[in-house]
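Just final.cif here, mmCIF, C-alpha atoms:
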data_query
#
loop_
_atom_site.label_atom_id
_atom_site.label_comp_id
_atom_site.auth_asym_id
_atom_site.auth_seq_id
_atom_site.Cartn_x
_atom_site.Cartn_y
_atom_site.Cartn_z
CA MET D 258 -11.70 5.27 12.95
CA VAL D 259 -10.91 3.49 16.19
CA ALA D 260 -11.53 -0.06 17.29
CA ASP D 261 -11.16 -0.31 21.06
CA VAL D 262 -11.48 -3.97 21.87
CA ASP D 263 -11.60 -5.86 25.13
CA LEU D 264 -10.82 -9.53 24.63
CA ASP D 265 -13.31 -10.50 27.31
CA GLU D 266 -16.09 -8.96 25.26
CA LEU D 267 -15.28 -10.75 22.03
CA PRO D 268 -16.69 -14.11 21.03
CA GLU D 269 -14.30 -16.80 22.22
CA ALA D 270 -13.27 -17.88 18.76
CA THR D 271 -12.49 -14.33 17.69
CA ALA D 272 -10.64 -13.58 20.91
CA SER D 273 -8.49 -16.66 20.37
CA LYS D 274 -7.63 -15.59 16.86
CA VAL D 275 -6.72 -12.10 17.99
CA THR D 276 -4.60 -13.49 20.81
CA ALA D 277 -2.81 -15.81 18.43
CA ALA D 278 -2.21 -12.98 15.99
CA LEU D 279 -0.81 -10.73 18.70
CA GLY D 280 1.41 -13.48 19.97
CA GLY D 281 3.21 -13.58 16.65
CA ILE D 282 3.77 -9.85 16.23
CA ASP D 283 7.15 -8.38 16.94
CA PHE D 284 6.55 -5.03 18.59
CA ALA D 285 10.19 -4.03 18.36
CA PRO D 286 10.12 -0.82 16.36
CA PRO D 287 11.39 -1.27 12.83
CA ALA D 288 13.82 1.17 11.32
CA GLY D 289 10.93 2.76 9.50
CA LYS D 290 7.23 2.20 9.09
CA GLY D 291 7.34 2.40 5.33
CA PRO D 292 6.71 5.34 3.02
CA ALA D 293 3.57 7.43 3.27
CA LEU D 294 2.02 6.41 -0.03
CA PRO D 295 -0.61 8.83 -1.22
CA ASP D 296 -4.05 7.78 0.02
CA SER D 297 -2.81 4.53 1.57
CA TYR D 298 -4.11 3.58 4.99
CA GLN D 299 -1.97 3.75 8.10
CA TYR D 300 -2.76 1.48 11.03
CA ASP D 301 -1.64 2.25 14.56
CA LEU D 302 -1.88 -0.70 16.94
CA VAL D 303 -1.66 -0.32 20.71
CA VAL D 304 -1.94 -3.30 22.99
CA GLN D 305 -2.41 -2.65 26.69
CA ASP D 306 -1.85 -5.46 29.10
CA ARG D 307 0.60 -5.28 31.95
CA THR D 308 2.66 -3.17 29.59
CA ALA D 309 1.79 -1.03 26.61
CA ARG D 310 3.15 -2.01 23.23
CA SER D 311 2.56 -0.27 19.95
CA MET D 312 3.46 -0.38 16.32
CA THR D 313 2.45 1.33 13.10
CA ALA D 314 2.25 -0.08 9.61
CA ARG D 315 0.99 1.15 6.24
CA ASP D 316 -0.76 -0.45 3.31
CA PRO D 317 0.36 -2.32 1.35
CA PHE D 318 3.34 -3.24 3.50
CA LEU D 319 1.57 -5.17 6.24
CA SER D 320 2.99 -8.37 7.61
CA PRO D 321 0.61 -11.35 7.39
CA GLY D 322 -0.07 -11.23 11.12
CA PHE D 323 -0.78 -7.54 11.13
CA ARG D 324 -3.02 -7.96 8.10
CA THR D 325 -5.02 -10.58 9.96
CA LEU D 326 -5.50 -8.23 12.89
CA VAL D 327 -6.64 -5.47 10.55
CA ASP D 328 -9.15 -7.81 8.91
CA VAL D 329 -10.58 -8.73 12.32
CA LEU D 330 -10.57 -5.26 13.85
CA MET D 331 -11.67 -3.09 10.92
CA PRO D 332 -15.30 -4.25 11.13
CA LEU D 333 -15.27 -3.27 14.81
CA ALA D 334 -13.95 0.24 14.16
CA ARG D 335 -16.09 3.20 15.19
CA PRO D 336 -16.01 6.93 14.63
CA GLU D 337 -13.29 8.50 16.70
CA MET Q 96 3.20 -12.41 26.19
CA HIS Q 97 0.21 -13.39 28.28
CA GLN Q 98 -3.33 -12.32 27.56
CA SER Q 99 -5.01 -13.25 30.81
CA ARG Q 100 -8.70 -12.59 30.92
CA HIS Q 101 -8.32 -11.46 34.48
CA CYS Q 102 -6.23 -8.58 33.29
CA ARG Q 103 -8.90 -7.50 30.77
CA PRO Q 104 -6.41 -6.42 28.16
CA SER Q 105 -7.66 -3.99 25.59
CA ILE Q 106 -6.52 -3.40 22.12
CA ALA Q 107 -6.87 0.00 20.60
CA CYS Q 108 -6.35 0.01 16.89
CA ILE Q 109 -6.34 3.52 15.62
CA VAL Q 110 -7.03 2.94 12.02
CA PRO Q 111 -6.69 5.05 9.02
CA PRO Q 112 -5.89 8.70 8.74
CA ASP Q 113 -8.69 8.55 6.33
CA LEU Q 114 -10.95 11.41 5.55
CA LEU Q 115 -13.83 9.20 6.52
CA ARG Q 116 -13.11 9.24 10.20
CA ASP Q 117 -16.56 8.95 11.55
CA ILE Q 118 -17.83 5.83 9.86
CA ILE Q 119 -20.71 4.08 11.42
CA ARG Q 120 -19.82 0.96 13.34
CA ASN Q 121 -20.36 -2.24 11.41
CA GLY Q 122 -20.26 -5.11 13.77
CA ASN Q 123 -22.56 -7.94 12.82
CA LYS Q 124 -21.88 -11.44 14.05
CA GLU Q 125 -20.50 -12.69 10.75
CA GLU Q 126 -17.87 -10.01 10.71
CA ARG Q 127 -16.90 -10.58 14.35
CA ASP Q 128 -16.33 -14.21 13.69
CA ALA Q 129 -14.03 -13.50 10.77
CA ALA Q 130 -11.50 -16.23 10.32
CA ALA Q 131 -7.81 -15.67 10.93
CA ASP Q 132 -4.98 -17.59 9.43
CA THR Q 133 -2.18 -19.10 11.45
CA MET Q 134 0.19 -16.38 12.42
CA ALA Q 135 3.64 -16.28 10.98
CA VAL Q 136 4.59 -12.74 11.56
CA ASP Q 137 7.71 -11.19 10.29
CA GLN Q 138 8.84 -7.65 9.97
CA THR Q 139 9.59 -7.89 6.29
CA PHE Q 140 7.54 -5.05 4.93
CA ARG Q 141 10.71 -3.13 4.25
CA THR Q 142 12.11 -6.14 2.43
CA LEU Q 143 8.84 -6.44 0.52
CA ARG Q 144 9.10 -2.85 -0.58
CA ALA Q 145 12.67 -3.26 -1.78
CA HIS Q 146 11.73 -6.40 -3.68
CA PHE Q 147 8.67 -4.72 -5.13
CA ALA Q 148 10.64 -1.71 -6.28
CA ALA Q 149 13.15 -3.94 -8.03
CA THR Q 150 10.37 -5.90 -9.73
CA VAL Q 151 8.56 -2.79 -10.86
CA ALA Q 152 11.71 -1.20 -12.26
CA ALA Q 153 12.37 -4.27 -14.39
CA THR Q 154 8.76 -4.32 -15.58
CA GLN Q 155 8.76 -0.66 -16.51
CA VAL Q 156 11.94 -1.00 -18.53
CA ALA Q 157 10.39 -3.87 -20.42
CA MET Q 158 7.14 -2.02 -21.05
CA ARG Q 159 8.34 1.48 -21.87
CA PRO Q 160 7.49 2.33 -25.48
CA MET Q 161 10.38 2.89 -27.84
CA GLY Q 162 10.25 6.62 -28.55
CA GLY Q 163 7.05 8.06 -29.91
CA ALA Q 164 5.66 11.55 -29.71
CA GLY Q 165 2.80 10.84 -27.36
CA GLY Q 166 -0.93 11.03 -27.78
CA ARG Q 167 -1.63 7.42 -26.94
CA PRO Q 168 -1.64 5.80 -23.51
CA HIS Q 169 -0.07 2.46 -22.70
CA ARG Q 170 -2.40 0.82 -20.23
CA THR Q 171 -2.28 -2.53 -18.50
CA ILE Q 172 -4.79 -3.67 -15.93
CA TYR Q 173 -3.94 -6.46 -13.53
CA ASP Q 174 -6.37 -8.55 -11.50
CA GLN Q 175 -5.12 -9.07 -7.96
CA LYS Q 176 -7.98 -11.52 -7.31
CA ASN Q 177 -8.66 -10.06 -3.85
CA SER Q 178 -5.18 -10.93 -2.69
CA ASN Q 179 -3.03 -8.69 -0.49
CA ASP Q 180 -0.08 -9.45 -2.70
CA ILE Q 181 1.55 -6.32 -4.12
CA ALA Q 182 3.26 -8.13 -6.96
CA LEU Q 183 1.57 -7.77 -10.33
CA GLY Q 184 -1.33 -10.17 -10.64
CA THR Q 185 -2.97 -11.65 -13.70
CA VAL Q 186 -3.03 -9.45 -16.77
CA ALA Q 187 -6.68 -8.65 -17.38
CA ARG Q 188 -6.53 -6.11 -20.19
CA THR Q 189 -3.81 -4.52 -22.24
CA GLU Q 190 -3.68 -1.45 -24.44
CA GLY Q 191 -6.06 -1.73 -27.35
CA GLY Q 192 -7.63 -4.87 -25.97
CA ARG Q 193 -11.37 -5.39 -26.04
CA ALA Q 194 -13.58 -4.81 -23.07
CA VAL Q 195 -13.82 -7.79 -20.76
CA LYS Q 196 -16.60 -9.09 -18.52
CA ASP Q 197 -15.11 -7.63 -15.36
CA PRO Q 198 -16.46 -4.09 -14.92
CA ALA Q 199 -13.64 -3.08 -12.55
CA VAL Q 200 -11.09 -3.88 -15.24
CA ASN Q 201 -12.99 -1.92 -17.87
CA GLU Q 202 -13.59 1.03 -15.55
CA ALA Q 203 -9.90 1.26 -14.68
CA TYR Q 204 -8.94 0.98 -18.33
CA ASP Q 205 -11.43 3.62 -19.43
CA GLY Q 206 -10.65 5.90 -16.49
CA PHE Q 207 -6.94 5.78 -17.27
CA GLY Q 208 -7.76 6.57 -20.85
CA ALA Q 209 -9.90 9.55 -19.88
CA THR Q 210 -7.16 10.87 -17.61
CA TYR Q 211 -4.45 10.42 -20.19
CA LYS Q 212 -6.64 12.14 -22.77
CA PHE Q 213 -7.31 15.06 -20.46
CA PHE Q 214 -3.64 15.66 -19.70
CA TRP Q 215 -2.57 15.20 -23.32
CA GLU Q 216 -5.26 17.24 -25.05
CA THR Q 217 -5.47 20.14 -22.59
CA LEU Q 218 -1.95 20.38 -21.18
CA GLY Q 219 0.19 18.52 -23.70
CA ARG Q 220 1.37 16.08 -21.08
CA ASN Q 221 2.33 12.61 -22.25
CA SER Q 222 1.33 10.36 -19.36
CA ILE Q 223 2.45 10.39 -15.74
CA ASP Q 224 6.08 11.31 -16.38
CA ASN Q 225 5.47 13.32 -19.56
CA ALA Q 226 7.46 10.70 -21.42
CA GLY Q 227 4.89 8.04 -22.16
CA MET Q 228 5.14 6.11 -18.92
CA PRO Q 229 2.99 2.97 -18.91
CA ILE Q 230 -0.15 3.32 -16.82
CA LEU Q 231 -0.59 0.26 -14.63
CA GLY Q 232 -3.70 -0.47 -12.60
CA LEU Q 233 -4.18 -3.25 -10.06
CA VAL Q 234 -7.86 -3.96 -9.43
CA HIS Q 235 -9.53 -6.24 -6.88
CA TYR Q 236 -6.79 -5.50 -4.38
CA SER Q 237 -7.44 -7.15 -1.02
CA THR Q 238 -10.93 -8.01 0.26
CA ASN Q 239 -13.68 -5.43 0.77
CA TYR Q 240 -10.93 -2.85 0.56
CA ALA Q 241 -12.45 0.62 0.70
CA ASN Q 242 -9.60 2.60 -0.81
CA ALA Q 243 -7.43 3.32 -3.82
CA PHE Q 244 -3.84 4.53 -3.78
CA TRP Q 245 -0.75 5.35 -5.81
CA ASP Q 246 2.29 3.37 -4.70
CA GLY Q 247 4.99 5.73 -5.92
CA GLN Q 248 6.38 2.96 -8.12
CA GLY Q 249 4.11 3.39 -11.11
CA HIS Q 250 1.06 1.46 -9.93
CA MET Q 251 -2.40 2.40 -8.85
CA PHE Q 252 -4.19 -0.02 -6.55
CA PHE Q 253 -7.99 -0.18 -6.41
CA GLY Q 254 -10.15 -1.96 -3.89
CA ASP Q 255 -13.68 -3.25 -4.42
CA GLY Q 256 -15.20 -1.38 -1.50
CA ASP Q 257 -17.47 -3.05 1.03
CA GLY Q 258 -20.71 -2.54 -0.85
CA GLN Q 259 -22.20 -0.49 1.97
CA LEU Q 260 -20.01 2.49 2.68
CA PHE Q 261 -18.17 2.29 -0.62
CA ASN Q 262 -18.76 0.94 -4.07
CA ARG Q 263 -15.80 -0.33 -6.06
CA LEU Q 264 -13.20 2.40 -6.34
CA THR Q 265 -12.81 2.13 -10.10
CA SER Q 266 -16.35 3.40 -10.63
CA SER Q 267 -15.34 7.06 -10.36
CA VAL Q 268 -13.39 8.85 -13.08
CA ASP Q 269 -12.36 11.60 -10.68
CA VAL Q 270 -10.98 9.00 -8.24
CA ILE Q 271 -8.95 7.41 -11.02
CA GLY Q 272 -7.79 10.83 -12.16
CA HIS Q 273 -6.98 11.69 -8.56
CA GLU Q 274 -4.71 8.67 -8.17
CA LEU Q 275 -2.96 9.13 -11.50
CA THR Q 276 -2.32 12.78 -10.64
CA HIS Q 277 -0.35 11.70 -7.58
CA GLY Q 278 2.08 10.29 -10.09
CA VAL Q 279 2.15 13.52 -12.05
CA THR Q 280 2.86 15.45 -8.86
CA GLN Q 281 5.62 13.02 -7.98
CA PHE Q 282 7.34 13.75 -11.29
CA GLU Q 283 6.87 17.51 -11.00
CA ALA Q 284 7.00 19.30 -7.65
CA ASN Q 285 7.17 15.99 -5.75
CA LEU Q 286 5.28 17.54 -2.85
CA VAL Q 287 6.08 15.80 0.40
CA TYR Q 288 3.04 13.94 1.69
CA GLN Q 289 2.93 15.67 5.04
CA GLY Q 290 1.43 18.88 6.41
CA GLN Q 291 0.73 21.71 3.99
CA SER Q 292 2.80 20.29 1.15
CA GLY Q 293 0.88 17.04 1.56
CA ALA Q 294 -2.43 18.88 1.53
CA LEU Q 295 -1.31 20.59 -1.68
CA ASN Q 296 -0.41 17.20 -3.07
CA GLU Q 297 -3.92 15.97 -2.25
CA SER Q 298 -5.47 19.12 -3.66
CA MET Q 299 -3.59 18.72 -6.96
CA SER Q 300 -5.13 15.29 -7.28
CA ASP Q 301 -8.62 16.56 -6.53
CA VAL Q 302 -8.18 19.47 -8.96
CA PHE Q 303 -7.04 17.37 -11.89
CA GLY Q 304 -9.31 14.48 -10.99
CA ALA Q 305 -12.26 16.86 -11.09
CA LEU Q 306 -11.05 18.42 -14.35
CA THR Q 307 -10.64 14.98 -15.90
CA SER Q 308 -14.29 14.30 -15.14
CA GLN Q 309 -15.44 17.73 -16.32
CA TYR Q 310 -13.45 17.39 -19.55
CA ALA Q 311 -14.94 13.99 -20.28
CA LYS Q 312 -18.43 15.37 -19.70
CA LYS Q 313 -17.68 18.65 -21.51
CA GLN Q 314 -18.89 20.57 -18.47
CA THR Q 315 -18.29 24.22 -17.76
CA ALA Q 316 -17.39 25.39 -14.28
CA ASP Q 317 -20.92 26.48 -13.47
CA LYS Q 318 -22.41 23.14 -14.53
CA ALA Q 319 -19.94 20.94 -12.66
CA ASP Q 320 -20.82 19.63 -9.20
CA TRP Q 321 -17.24 19.96 -7.90
CA LEU Q 322 -17.67 16.78 -5.89
CA ILE Q 323 -14.97 14.13 -5.52
CA GLY Q 324 -15.94 10.47 -5.46
CA ALA Q 325 -19.72 10.84 -5.78
CA GLU Q 326 -19.85 7.49 -7.60
CA VAL Q 327 -17.91 5.52 -5.01
CA VAL Q 328 -19.68 6.37 -1.78
CA GLY Q 329 -22.53 4.30 -0.41
CA PRO Q 330 -25.71 5.60 1.24
CA ALA Q 331 -24.02 6.44 4.53
CA LEU Q 332 -21.54 8.79 2.91
CA GLN Q 333 -23.68 10.58 0.37
CA PRO Q 334 -23.30 12.71 -1.59
CA ALA Q 335 -19.52 12.41 -1.94
CA LEU Q 336 -16.08 12.10 -0.33
CA ARG Q 337 -15.23 15.78 -0.68
CA SER Q 338 -16.62 19.00 -2.07
CA MET Q 339 -14.26 21.48 -3.66
CA LYS Q 340 -16.99 24.09 -3.81
CA ALA Q 341 -18.04 23.73 -0.18
CA PRO Q 342 -15.44 21.90 1.90
CA GLY Q 343 -17.01 20.33 4.94
CA THR Q 344 -20.37 19.56 3.35
CA ALA Q 345 -19.68 16.46 1.24
CA ASN Q 346 -21.11 14.07 3.83
CA LYS Q 347 -22.09 14.16 7.47
CA TYR Q 348 -18.59 13.19 8.53
CA ASP Q 349 -16.78 15.73 6.34
CA LYS Q 350 -14.66 18.05 8.46
CA GLN Q 351 -12.66 19.79 5.79
CA PRO Q 352 -12.01 23.49 6.45
CA ALA Q 353 -12.84 26.06 3.80
CA SER Q 354 -10.33 28.67 4.94
CA MET Q 355 -7.16 29.14 6.94
CA ASP Q 356 -9.31 30.32 9.84
CA ASP Q 357 -10.21 26.67 10.39
CA PHE Q 358 -6.90 25.05 9.44
CA VAL Q 359 -6.63 21.76 11.32
CA ASN Q 360 -3.43 21.11 13.22
CA THR Q 361 -3.19 17.38 13.70
CA ALA Q 362 -0.68 14.57 13.66
CA ALA Q 363 -3.20 12.20 12.14
CA ASP Q 364 -3.53 11.74 8.40
CA ASN Q 365 0.09 12.78 7.85
CA GLY Q 366 -0.70 16.16 9.31
CA GLY Q 367 -4.20 16.39 7.88
CA VAL Q 368 -3.42 16.07 4.16
CA HIS Q 369 -6.99 14.94 3.34
CA ILE Q 370 -8.44 17.51 5.72
CA ASN Q 371 -6.66 20.75 4.92
CA SER Q 372 -6.72 20.04 1.18
CA GLY Q 373 -10.14 21.66 1.38
CA ILE Q 374 -8.46 25.06 1.54
CA PRO Q 375 -6.55 24.97 -1.77
CA ASN Q 376 -9.47 23.05 -3.29
CA ARG Q 377 -11.80 25.92 -2.48
CA ALA Q 378 -9.26 28.42 -3.81
CA PHE Q 379 -9.22 26.61 -7.14
CA TYR Q 380 -13.00 26.42 -7.27
CA VAL Q 381 -13.33 30.17 -6.63
CA CYS Q 382 -10.72 30.94 -9.28
CA ALA Q 383 -12.36 28.66 -11.83
CA SER Q 384 -15.91 29.81 -11.16
CA THR Q 385 -14.86 33.46 -11.20
CA LEU Q 386 -13.37 33.00 -14.66
CA GLY Q 387 -16.23 30.85 -15.87
CA GLY Q 388 -16.22 28.68 -18.95
CA LYS Q 389 -14.22 25.48 -19.07
CA ALA Q 390 -12.16 25.28 -15.90
CA TRP Q 391 -9.28 23.42 -17.51
CA GLU Q 392 -8.60 26.17 -20.06
CA ARG Q 393 -7.42 28.86 -17.69
CA ALA Q 394 -7.60 27.93 -14.02
CA GLY Q 395 -6.41 24.39 -14.71
CA ARG Q 396 -3.59 25.64 -16.91
CA ILE Q 397 -2.46 28.09 -14.21
CA TRP Q 398 -2.49 25.38 -11.56
CA TYR Q 399 -0.56 22.99 -13.81
CA ASP Q 400 2.02 25.62 -14.65
CA SER Q 401 2.38 26.31 -10.93
CA LEU Q 402 2.90 22.64 -10.13
CA ARG Q 403 5.89 22.88 -12.49
CA ASP Q 404 7.07 26.25 -11.24
CA GLU Q 405 10.77 26.11 -10.42
CA LYS Q 406 10.17 27.87 -7.13
CA ILE Q 407 7.81 25.17 -5.90
CA LYS Q 408 9.81 22.76 -3.81
CA PRO Q 409 8.79 19.43 -2.26
CA THR Q 410 8.15 21.18 1.05
CA SER Q 411 6.30 24.19 -0.33
CA GLY Q 412 3.16 25.21 1.53
CA PHE Q 413 -0.01 27.06 0.65
CA LYS Q 414 1.52 30.54 0.57
CA ALA Q 415 4.37 29.58 -1.75
CA PHE Q 416 1.98 27.83 -4.08
CA ALA Q 417 -0.46 30.73 -4.04
CA ARG Q 418 2.35 33.07 -5.05
CA ALA Q 419 3.31 30.69 -7.82
CA THR Q 420 -0.25 30.73 -9.19
CA VAL Q 421 -0.25 34.53 -9.28
CA ARG Q 422 3.15 34.51 -10.93
CA GLN Q 423 2.18 31.93 -13.53
CA ALA Q 424 -1.13 33.63 -14.28
CA GLY Q 425 0.74 36.88 -14.85
CA MET Q 426 3.29 35.22 -17.11
CA ARG Q 427 0.67 33.54 -19.25
CA PHE Q 428 -2.15 36.08 -19.29
CA GLY Q 429 -0.58 39.37 -18.18
CA ASP Q 430 -0.14 40.98 -14.80
CA ALA Q 431 -3.27 43.10 -15.17
CA SER Q 432 -5.40 40.27 -16.46
CA GLU Q 433 -8.71 39.00 -15.17
CA GLU Q 434 -6.96 35.66 -14.69
CA VAL Q 435 -4.59 37.17 -12.12
CA ASP Q 436 -7.56 38.79 -10.40
CA ALA Q 437 -9.43 35.48 -10.30
CA VAL Q 438 -6.42 33.68 -8.83
CA LYS Q 439 -6.09 36.33 -6.14
CA ALA Q 440 -9.81 36.11 -5.44
CA GLY Q 441 -9.45 32.39 -4.84
CA TRP Q 442 -6.71 32.75 -2.30
CA ASP Q 443 -8.38 35.75 -0.66
CA ASP Q 444 -11.51 33.65 -0.21
CA VAL Q 445 -9.63 31.02 1.77
CA LYS Q 446 -7.47 33.60 3.58
CA VAL Q 447 -4.12 32.56 2.23
CA ARG Q 448 -2.13 35.74 1.97
CA VAL Q 449 -0.32 36.00 -1.34
#
Rendering of file as structure tokens:
Amino acid sequence: MVADVDLDELPEATASKVTAALGGIDFAPPAGKGPALPDSYQYDLVVQDRTARSMTARDPFLSPGFRTLVDVLMPLARPE
Amino acid sequence: MHQSRHCRPSIACIVPPDLLRDIIRNGNKEERDAAADTMAVDQTFRTLRAHFAATVAATQVAMRPMGGAGGRPHRTIYDQKNSNDIALGTVARTEGGRAVKDPAVNEAYDGFGATYKFFWETLGRNSIDNAGMPILGLVHYSTNYANAFWDGQGHMFFGDGDGQLFNRLTSSVDVIGHELTHGVTQFEANLVYQGQSGALNESMSDVFGALTSQYAKKQTADKADWLIGAEVVGPALQPALRSMKAPGTANKYDKQPASMDDFVNTAADNGGVHINSGIPNRAFYVCASTLGGKAWERAGRIWYDSLRDEKIKPTSGFKAFARATVRQAGMRFGDASEEVDAVKAGWDDVKVRV
């Protein structure tokens, strides 16, 4: 599933929350993205602004900020 | 970081390598306006895992039964109360305890019991590690969480589903059996969860999850539906998550291949572990249905023996496993047996050369 979101097209309140969540995420790649636990979800986040930043995380090892983004974006996900 | 509206930044969140890739968009207003907590991001998931592992190890030492010959599970169900916390939540039911009001708790408890009973009575296996390991289930994990998983540390997590695409994940015995079998695989061949070995890992869980369900229902191979997760999917994903009999037909989004001709090369889903598992799943179905009768008695036994075959390594692929099944069938039933022929028929059907 993919959620391809443009902040300008989100309701203002939601866009603000997403912006705040992104502002607190450290996109510096960690030493590892955690083990591939059988059947656990993996989330790949790509943010494109003036630069492209990305990170990957797996359930259940999501940081609070990443978890918040997942909770907001999952309902917007579509078939790939 | 600046998120100027003039720049029209976009966020692409490529979500799960889940077998349900093509889920219908669900974007009502209520969901879009979902609240977000104040951000306090840290990159501590590795620290969380280390802490979790230490906590689990201490818990397992405390809970491991003192000796005993097996035959009885040791189950504990925890209620995570829709939290994302991976630490053990509130104890909701312990071994021998009465049924409670919460159906998820009871379903997990009963499903664990059915899986333990299957492995013990048909294969002589005493729990996940064959040494009476406690079986720990964590229900009501997260919110509207449409998944269940084994954490490699002795716990199975179950979400409640979203009520539309998925029902609660404890409502399917084959899903519970599937998750518990990941633990069995970990303690046996320890198949790496990537590529073909990962697809084998997934297939083992589907095989023994399906057999757990068939055993509980006393079904023969010809009476079984060979569907995985029929009880957990909602209307949009009917009739099931996967079909072992006919990979690719379980629901309108199912893209599992049924033979090596259609093997999917992908980086997603850890190299397609939930996709290409259709191939060994189909091989098992053909073997079991060719033999007839109760699938756990011969086909299931062969597959279990093969999972424990000394030549099966963590990185073994389909061909190595297929050869192991032929070898094990020959050792148990004779080289000229109908069981060997049925095993070969299974792998021939999916075009894995033995």
Q | Best match for closeness to chain Q among D:Glu269, D:Arg315, D:Tyr300, D:Arg324, counting only C-alpha atoms | A | D:Tyr300
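Restricting the calculation to all atoms listed in the file, the smallest distance between chain D and any of Q:Ala353, Q:Ala316, Q:Ile397, Q:Ala243 is found for Q:Ala243.
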Q: Report the residues retrieved by the PyMOL selection byres ((chain Q and resi 329) around 12) from the displayed file, expressed as a PyMOL selection string.
A: chain Q and resi 118-119+241+256-264+266+324-328+330-336+346
Q | the PyMOL selection byres ((chain Q and resi 212-228) around 10) applied to the shown file, residues as a PyMOL selection string | A | chain Q and resi 155-156+158-170+206-211+229-231+249+272+275-283+303-304+306-311+391-392+395-396+399-400
Q: Could you state which residues are captured by the PyMOL selection byres ((chain D) within 6 of (chain Q)) in this file, as a PyMOL selection string?
A: chain D and resi 258-263+271+274+278+281-282+294-306+318+321-322+325+332-336
(Q) Applying 9 Å and all atoms listed in the file, which residues near Val421 (chain Q) remain after dropping the ones on its own chain fewer than 6 positions away? List them as JSON, numbers by chain. (A) {"Q": [397, 401, 430, 434, 435, 436, 438, 439, 449]}
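Note that CA of Asp357 (chain Q) and CA of Lys340 (chain Q) are 15.9 Å apart.
What separates CA of Pro352 (chain Q) from CA of Ser411 (chain Q) is a distance of 19.5 Å.
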Q: Can you work out which one of Q:Ser384, Q:Thr315, Q:Thr361, Q:Gln423 has the shortest atom-to-atom distance to Gln291 (chain Q), counting all atoms listed in the file?
A: Q:Thr361
